[in-house]
Amino acid sequence: MKRLAQAGALAILATVPLWSGGTYYVNIASQILLYAVFALAINVLVGYGGLISLGHAGLFGIAAYAGARLLSDGYGHVAVVGGALATTLAAAALFAALALRGTGIGFVMITLAIGQIVWGVAYRWISLTNGDNGISVSGRPSPFGLSLASPAHFYWATFVVFLVAIGAMAVVVASPFGASLRGTRDQPRRMNALGYHVWMIRFLAFILSGFWSGVAGLLYLYYNQFVSPQMVALNASAEGLLMVISGGSATLLGPVVGAGLVVVMKNVASAYIERWNFVLGAIFVAIVVFMPEGLVPGVVRLWRRAREGRR
Amino acid sequence: MSLWLVLAVNSVTFGGLLFLLSAGFSLIFGLMRIPNLTHGSFFMLGAYLAASLIQWGLDFWSAALVSGLLVAAFGGLIERLLLRRLAGAELAQVLVTLGLSFMIADVCLKVWTGDPIRIDTPPALRGAATVGSLAFPAYRLAISVIAVAFAVALWALLDRTRLGAMIRAGVDDPAMARVTGIRVSRLFTIVFCLGAWLAGFAGVIGGPILSVYPGLDQEMLPLALVVVILGGTGSLLGSLVGSFIVGFLYNFGQAMFPELAYVVLFLPMLIVLVVRPQGLFGRQAV
């Protein structure tokens, strides 16, 4: 039953460009998948590690900015992707070393400060980032000779990356490392007493999260062909966090559903209401107050209760 | 007056503003363990409210007073209605205060539009004040004096009064404070209102030099965070020293390396986090 549902969902996702009828919808689907990769990355820390990061848009943005710089300097796509990911990993290592000096609220505050500093650099270091004007790039890569210029082709490429990401997440979560990461979330002192290196486990989780944030950032760059300080602002980190929380943290599918929800709402809401930020804030408050465990676990809970009620 | 002296005066002024902002943040964090991400919004809201009050005919200082009180009342409502329900749930508190800060920013954008609003310097403090052979902008000197006065008053409040002793007890060990009959939950409201009032007031008196514009909240909040990371949470002295360090770094950084002003802030934070993660004057790790 579960397998069937999974296969069905995959089939639906794989064929979006064939039935969705229109470039607009295909592009929204691409956005959902690339943000799903970002949300999965945040979920490693927030959900499984219990470390709330408010600076993740910084890592997402560093990958995009590094990629954009390399592209406008005329490097090939292989060098661009490699260079951007290497930069992001280095930044993630530095941020992790700093942020992990604190835990709990300290971690939140340090990641927020780091995220805002990245924003400040993107906004002010004009010779590097072109400031508020952002960097425009042109051209998408053509892996194995397949051009990604059309929205449908780009969607399929994003879909493949998304599958790899969610597959990798499933493997990591089920692995001994995933178990020890959840252990450091629930019982850091016991894990320490058992001989686990809590700091190292969290550090590696941060790096893993940084890597996939970087992948998502590159997808964003190739999708949008443009980067600006807006994408590293606190709002972007908050939106990423909202995807994880609304869908349900520490689940594999929660962040994906959350990404879909936020992207669709953002597009729909911005078409009808001017005040997306107000809606974003209100949803945050509402979710925390009314459905603290997130939508996916919340719905699962209601579904179970309904089924048991029938018996 | 030489460039360096101007920069130094500006740094002291800005440090004073940061102190008013971060002292409240640090107290709230120290006592309630709440990272109040609406603190930058309180700053901005205070400035916007005062701008409107002045437009309606109030003079600067009464506007500062009323606007500070309004922001304090608003903070009290947030604490009573939302944060109280979420006691002990860090993630929930982070998200609620973050969500509220977005809502406040959006409402401000709607009410006061996107154009920067300048609050006029109070007439008595326009022009320059001469100290010895040097002339200083009077208003900036006044801000420094106000900040020092507030620092002394806050110190006296925390160190010399019964309420201050209760707050300190609550910061050190809330459970034991409760056992000895202190109503810690009421302290929470008092401290939250006090912090909101300080932030709102700082926004008003910062108005004539910074003016008010959308995004001011998210510009000030990380500075308050850096101050608290540098100085240590729950420590008044830490906030004071941290504020002036950040004030100097920010102003000199902007003058000397305009593109890297934020990176300059990053470095001392990095050093403090590596060498002394609890902050210069903090007693526990953040």
# chains A, B, ... in the order shown; residues from 1 in each chain; ligands from 1
>>> residues_around(residues="region 171-186 of chain B", least_positions_apart="5", cutoff="8 Å", atoms="only C-alpha atoms", output="MDAnalysis selection string")
chainID B and resid 30:32 166 234
>>> interface_residues(of="chain A", to="chain B", cutoff="8 Å", atoms="only C-alpha atoms", output="PyMOL selection string")
chain A and resi 52+98+101-106+109-110+112-114+116-117+120-121+124-126+234+238+275+277-285+288+292
>>> select_by_dssp(residues="region 1-70 of chain B", states="helix (DSSP H, G or I)", output="NGL selection string")
:B and (3-32 or 39-55 or 60-70)
>>> residues_around(residues="region 199-208 of chain A", least_positions_apart="5", cutoff="10 Å", atoms="only C-alpha atoms", output="ChimeraX atom specification")
/A:41-42,44-45,48-51,53,88-97,99-101,169,172,177-178,180-185,188,192,213-214
>>> write_last_selection(atoms="N, CA and C atoms", output="mmCIF file, in the first residue's frame")
data_model
loop_
_atom_site.group_PDB
_atom_site.id
_atom_site.type_symbol
_atom_site.label_atom_id
_atom_site.label_comp_id
_atom_site.auth_asym_id
_atom_site.auth_seq_id
_atom_site.Cartn_x
_atom_site.Cartn_y
_atom_site.Cartn_z
ATOM 1 N N ALA A 41 17.733 19.830 3.409
ATOM 2 C CA ALA A 41 19.041 20.167 3.985
ATOM 3 C C ALA A 41 18.871 20.787 5.369
ATOM 4 N N ILE A 42 17.925 21.720 5.486
ATOM 5 C CA ILE A 42 17.703 22.366 6.793
ATOM 6 C C ILE A 42 17.221 21.334 7.797
ATOM 7 N N VAL A 44 18.015 18.318 8.181
ATOM 8 C CA VAL A 44 19.081 17.527 8.813
ATOM 9 C C VAL A 44 19.435 18.143 10.159
ATOM 10 N N LEU A 45 19.600 19.472 10.180
ATOM 11 C CA LEU A 45 19.964 20.132 11.428
ATOM 12 C C LEU A 45 18.763 20.319 12.342
ATOM 13 N N TYR A 48 16.588 16.423 12.669
ATOM 14 C CA TYR A 48 17.304 15.276 13.245
ATOM 15 C C TYR A 48 18.341 15.705 14.261
ATOM 16 N N GLY A 49 18.899 16.935 14.099
ATOM 17 C CA GLY A 49 19.936 17.366 15.023
ATOM 18 C C GLY A 49 19.421 18.239 16.157
ATOM 19 N N GLY A 50 18.173 18.735 16.019
ATOM 20 C CA GLY A 50 17.626 19.602 17.046
ATOM 21 C C GLY A 50 18.340 20.937 17.145
ATOM 22 N N LEU A 51 19.011 21.348 16.059
ATOM 23 C CA LEU A 51 19.728 22.622 16.057
ATOM 24 C C LEU A 51 19.024 23.558 15.084
ATOM 25 N N SER A 53 18.673 26.489 12.833
ATOM 26 C CA SER A 53 19.532 27.437 12.141
ATOM 27 C C SER A 53 18.689 28.532 11.509
ATOM 28 N N THR A 88 30.940 26.548 -0.724
ATOM 29 C CA THR A 88 29.875 26.378 0.259
ATOM 30 C C THR A 88 30.321 25.466 1.388
ATOM 31 N N LEU A 89 31.033 24.389 1.043
ATOM 32 C CA LEU A 89 31.496 23.472 2.085
ATOM 33 C C LEU A 89 32.460 24.172 3.034
ATOM 34 N N ALA A 90 33.368 24.996 2.457
ATOM 35 C CA ALA A 90 34.311 25.717 3.312
ATOM 36 C C ALA A 90 33.560 26.675 4.233
ATOM 37 N N ALA A 91 32.582 27.395 3.653
ATOM 38 C CA ALA A 91 31.798 28.328 4.469
ATOM 39 C C ALA A 91 31.035 27.573 5.548
ATOM 40 N N ALA A 92 30.458 26.417 5.167
ATOM 41 C CA ALA A 92 29.690 25.634 6.138
ATOM 42 C C ALA A 92 30.584 25.192 7.285
ATOM 43 N N ALA A 93 31.816 24.806 6.961
ATOM 44 C CA ALA A 93 32.735 24.360 8.016
ATOM 45 C C ALA A 93 33.040 25.501 8.975
ATOM 46 N N LEU A 94 33.277 26.701 8.412
ATOM 47 C CA LEU A 94 33.556 27.863 9.261
ATOM 48 C C LEU A 94 32.341 28.203 10.128
ATOM 49 N N PHE A 95 31.158 28.259 9.498
ATOM 50 C CA PHE A 95 29.942 28.608 10.234
ATOM 51 C C PHE A 95 29.668 27.579 11.325
ATOM 52 N N ALA A 96 29.882 26.303 10.982
ATOM 53 C CA ALA A 96 29.615 25.246 11.956
ATOM 54 C C ALA A 96 30.548 25.392 13.147
ATOM 55 N N ALA A 97 31.845 25.657 12.858
ATOM 56 C CA ALA A 97 32.802 25.784 13.953
ATOM 57 C C ALA A 97 32.390 26.915 14.886
ATOM 58 N N ALA A 99 29.129 28.375 15.088
ATOM 59 C CA ALA A 99 27.790 28.226 15.661
ATOM 60 C C ALA A 99 27.764 27.145 16.725
ATOM 61 N N LEU A 100 28.588 26.126 16.568
ATOM 62 C CA LEU A 100 28.567 25.027 17.533
ATOM 63 C C LEU A 100 29.283 25.370 18.831
ATOM 64 N N ARG A 101 29.781 26.629 18.923
ATOM 65 C CA ARG A 101 30.257 27.073 20.228
ATOM 66 C C ARG A 101 29.070 27.239 21.166
ATOM 67 N N MET A 169 19.193 11.330 1.756
ATOM 68 C CA MET A 169 18.673 11.618 3.098
ATOM 69 C C MET A 169 18.147 10.349 3.752
ATOM 70 N N VAL A 172 21.057 8.340 4.897
ATOM 71 C CA VAL A 172 21.731 8.927 6.060
ATOM 72 C C VAL A 172 20.900 8.745 7.319
ATOM 73 N N PHE A 177 25.016 6.804 11.545
ATOM 74 C CA PHE A 177 25.261 8.222 11.761
ATOM 75 C C PHE A 177 23.956 8.954 12.055
ATOM 76 N N GLY A 178 22.905 8.617 11.271
ATOM 77 C CA GLY A 178 21.603 9.241 11.495
ATOM 78 C C GLY A 178 21.100 8.947 12.901
ATOM 79 N N SER A 180 22.908 8.250 15.520
ATOM 80 C CA SER A 180 23.682 8.966 16.534
ATOM 81 C C SER A 180 23.345 10.453 16.531
ATOM 82 N N LEU A 181 22.981 10.988 15.342
ATOM 83 C CA LEU A 181 22.579 12.400 15.290
ATOM 84 C C LEU A 181 21.289 12.610 16.089
ATOM 85 N N ARG A 182 20.328 11.703 15.907
ATOM 86 C CA ARG A 182 19.093 11.811 16.695
ATOM 87 C C ARG A 182 19.396 11.644 18.177
ATOM 88 N N GLY A 183 20.399 10.799 18.451
ATOM 89 C CA GLY A 183 20.811 10.624 19.847
ATOM 90 C C GLY A 183 21.333 11.917 20.454
ATOM 91 N N THR A 184 22.141 12.677 19.660
ATOM 92 C CA THR A 184 22.668 13.926 20.200
ATOM 93 C C THR A 184 21.560 14.952 20.364
ATOM 94 N N ARG A 185 20.480 14.799 19.583
ATOM 95 C CA ARG A 185 19.361 15.725 19.748
ATOM 96 C C ARG A 185 18.617 15.438 21.049
ATOM 97 N N PRO A 188 22.065 14.517 24.579
ATOM 98 C CA PRO A 188 23.472 14.794 24.282
ATOM 99 C C PRO A 188 24.422 14.290 25.373
ATOM 100 N N ASN A 192 27.378 11.522 25.019
ATOM 101 C CA ASN A 192 28.742 11.842 25.384
ATOM 102 C C ASN A 192 29.302 10.768 26.318
ATOM 103 N N SER A 213 22.298 22.390 0.947
ATOM 104 C CA SER A 213 21.875 23.788 0.769
ATOM 105 C C SER A 213 22.582 24.377 -0.442
ATOM 106 N N GLY A 214 23.878 24.033 -0.586
ATOM 107 C CA GLY A 214 24.635 24.522 -1.725
ATOM 108 C C GLY A 214 24.079 23.991 -3.034
#
>>> select_by_dssp(residues="region 48-229 of chain B", states="strand (DSSP E)", output="PyMOL selection string")
chain B and resi 128-131+134-137
>>> write_last_selection(atoms="N, CA and C atoms", output="mmCIF file, in the first residue's frame")
data_model
loop_
_atom_site.group_PDB
_atom_site.id
_atom_site.type_symbol
_atom_site.label_atom_id
_atom_site.label_comp_id
_atom_site.auth_asym_id
_atom_site.auth_seq_id
_atom_site.Cartn_x
_atom_site.Cartn_y
_atom_site.Cartn_z
ATOM 1 N N ALA B 128 25.850 73.114 17.848
ATOM 2 C CA ALA B 128 27.022 72.488 18.438
ATOM 3 C C ALA B 128 27.195 72.903 19.887
ATOM 4 N N ALA B 129 27.807 72.006 20.635
ATOM 5 C CA ALA B 129 28.162 72.337 22.011
ATOM 6 C C ALA B 129 29.673 72.410 22.073
ATOM 7 N N THR B 130 30.201 73.432 22.740
ATOM 8 C CA THR B 130 31.654 73.552 22.813
ATOM 9 C C THR B 130 32.155 72.990 24.133
ATOM 10 N N VAL B 131 33.093 72.073 24.001
ATOM 11 C CA VAL B 131 33.746 71.527 25.189
ATOM 12 C C VAL B 131 35.223 71.861 25.046
ATOM 13 N N LEU B 134 36.885 72.381 21.525
ATOM 14 C CA LEU B 134 36.291 71.540 20.489
ATOM 15 C C LEU B 134 34.782 71.716 20.455
ATOM 16 N N ALA B 135 34.225 71.687 19.247
ATOM 17 C CA ALA B 135 32.778 71.791 19.107
ATOM 18 C C ALA B 135 32.211 70.419 18.744
ATOM 19 N N PHE B 136 31.196 69.965 19.485
ATOM 20 C CA PHE B 136 30.560 68.681 19.196
ATOM 21 C C PHE B 136 29.106 68.921 18.819
ATOM 22 N N PRO B 137 28.533 68.068 17.970
ATOM 23 C CA PRO B 137 27.094 68.170 17.729
ATOM 24 C C PRO B 137 26.360 67.905 19.050
#
>>> closest_residue(among="A:Tyr35, A:Trp303, A:Asp186, A:Tyr24", to="Val257 (chain A)", atoms="only C-alpha atoms")
A:Tyr35
>>> residues_around(residues="Leu154 (chain B)", least_positions_apart="4", cutoff="12 Å", atoms="only C-alpha atoms", output="mmCIF file with C-alpha atoms, in the first residue's frame")
data_model
loop_
_atom_site.group_PDB
_atom_site.id
_atom_site.type_symbol
_atom_site.label_atom_id
_atom_site.label_comp_id
_atom_site.auth_asym_id
_atom_site.auth_seq_id
_atom_site.Cartn_x
_atom_site.Cartn_y
_atom_site.Cartn_z
ATOM 1 C CA PHE B 19 23.283 49.816 24.686
ATOM 2 C CA LEU B 20 19.661 50.896 25.144
ATOM 3 C CA ALA B 23 20.418 45.908 27.523
ATOM 4 C CA GLY B 24 16.742 44.964 27.234
ATOM 5 C CA LEU B 27 17.891 41.047 30.304
ATOM 6 C CA ILE B 146 21.187 59.671 28.081
ATOM 7 C CA ALA B 147 22.810 56.282 27.519
ATOM 8 C CA VAL B 148 25.130 56.731 30.472
ATOM 9 C CA ALA B 149 22.234 57.940 32.632
ATOM 10 C CA PHE B 150 20.214 54.866 31.650
ATOM 11 C CA LEU B 158 19.226 45.840 39.351
ATOM 12 C CA ASP B 159 21.762 46.226 42.101
ATOM 13 C CA ARG B 160 20.103 48.406 44.707
ATOM 14 C CA THR B 161 16.368 47.765 44.672
ATOM 15 C CA LEU B 163 12.858 44.400 42.337
ATOM 16 C CA GLY B 164 16.414 44.224 41.009
ATOM 17 C CA ILE B 167 15.271 39.859 38.873
ATOM 18 C CA VAL B 191 11.300 42.641 32.333
ATOM 19 C CA LEU B 194 11.120 47.149 30.364
ATOM 20 C CA GLY B 195 13.129 45.685 27.495
ATOM 21 C CA LEU B 198 14.113 50.596 26.226
ATOM 22 C CA SER B 235 25.169 41.089 32.059
ATOM 23 C CA LEU B 236 24.577 44.831 32.069
ATOM 24 C CA LEU B 237 28.282 45.610 32.008
ATOM 25 C CA SER B 239 25.983 44.999 27.143
ATOM 26 C CA LEU B 240 27.624 48.344 27.844
#
>>> closest_residue(among="A:Val80, A:Ala9, A:Val160, A:Ile32", to="Lys266 (chain A)", atoms="only C-alpha atoms")
A:Ile32
>>> atom_distance(atom1="CA of Gly215 (chain B)", atom2="CA of Gly115 (chain A)")
15.2 Å
>>> residues_around(residues="Phe60 (chain B)", least_positions_apart="5", cutoff="8 Å", atoms="only C-alpha atoms", output="mmCIF file with C-alpha atoms, in the first residue's frame")
data_model
loop_
_atom_site.group_PDB
_atom_site.id
_atom_site.type_symbol
_atom_site.label_atom_id
_atom_site.label_comp_id
_atom_site.auth_asym_id
_atom_site.auth_seq_id
_atom_site.Cartn_x
_atom_site.Cartn_y
_atom_site.Cartn_z
ATOM 1 C CA ALA B 50 7.131 58.876 17.644
ATOM 2 C CA ILE B 54 5.367 64.485 16.512
ATOM 3 C CA THR B 121 16.262 66.943 16.212
ATOM 4 C CA PRO B 122 14.682 68.615 19.266
#
>>> closest_residue(among="A:Val164, A:Leu71, A:Ala39, A:Ala84", to="Val263 (chain A)", atoms="only C-alpha atoms")
A:Ala39
>>> residues_around(residues="His77 (chain A)", least_positions_apart="2", cutoff="9 Å", atoms="only C-alpha atoms", output="list in words")
Gly67, Leu70, Leu71, Tyr75, Ala79, Val80, Val81, Gly82, Arg140, Pro141 and Ser142 of chain A
>>> write_last_selection(atoms="N, CA and C atoms", output="PDB file, in the first residue's frame")
ATOM      1  N   GLY A  67      28.694  30.473  -7.660  1.00  0.00           N
ATOM      2  CA  GLY A  67      28.406  29.993  -9.006  1.00  0.00           C
ATOM      3  C   GLY A  67      28.277  31.142  -9.985  1.00  0.00           C
ATOM      4  N   LEU A  70      31.675  32.687 -10.778  1.00  0.00           N
ATOM      5  CA  LEU A  70      32.480  31.827 -11.649  1.00  0.00           C
ATOM      6  C   LEU A  70      31.921  31.824 -13.066  1.00  0.00           C
ATOM      7  N   LEU A  71      30.582  31.808 -13.176  1.00  0.00           N
ATOM      8  CA  LEU A  71      29.962  31.818 -14.505  1.00  0.00           C
ATOM      9  C   LEU A  71      30.293  33.109 -15.232  1.00  0.00           C
ATOM     10  N   TYR A  75      33.983  30.588 -16.570  1.00  0.00           N
ATOM     11  CA  TYR A  75      34.347  29.186 -16.349  1.00  0.00           C
ATOM     12  C   TYR A  75      33.270  28.251 -16.905  1.00  0.00           C
ATOM     13  N   ALA A  79      33.429  23.340 -13.666  1.00  0.00           N
ATOM     14  CA  ALA A  79      34.215  24.135 -12.721  1.00  0.00           C
ATOM     15  C   ALA A  79      33.298  24.968 -11.837  1.00  0.00           C
ATOM     16  N   VAL A  80      32.209  25.495 -12.433  1.00  0.00           N
ATOM     17  CA  VAL A  80      31.283  26.336 -11.672  1.00  0.00           C
ATOM     18  C   VAL A  80      30.649  25.534 -10.541  1.00  0.00           C
ATOM     19  N   VAL A  81      30.121  24.356 -10.911  1.00  0.00           N
ATOM     20  CA  VAL A  81      29.441  23.542  -9.896  1.00  0.00           C
ATOM     21  C   VAL A  81      30.438  23.104  -8.825  1.00  0.00           C
ATOM     22  N   GLY A  82      31.604  22.621  -9.272  1.00  0.00           N
ATOM     23  CA  GLY A  82      32.609  22.171  -8.308  1.00  0.00           C
ATOM     24  C   GLY A  82      33.077  23.299  -7.411  1.00  0.00           C
ATOM     25  N   ARG A 140      22.383  27.574 -19.093  1.00  0.00           N
ATOM     26  CA  ARG A 140      22.280  26.452 -18.180  1.00  0.00           C
ATOM     27  C   ARG A 140      23.177  25.354 -18.706  1.00  0.00           C
ATOM     28  N   PRO A 141      23.666  24.496 -17.827  1.00  0.00           N
ATOM     29  CA  PRO A 141      24.546  23.428 -18.307  1.00  0.00           C
ATOM     30  C   PRO A 141      23.776  22.421 -19.154  1.00  0.00           C
ATOM     31  N   SER A 142      24.500  21.663 -19.978  1.00  0.00           N
ATOM     32  CA  SER A 142      23.838  20.581 -20.713  1.00  0.00           C
ATOM     33  C   SER A 142      24.551  19.274 -20.400  1.00  0.00           C
TER      34      SER A 142
END
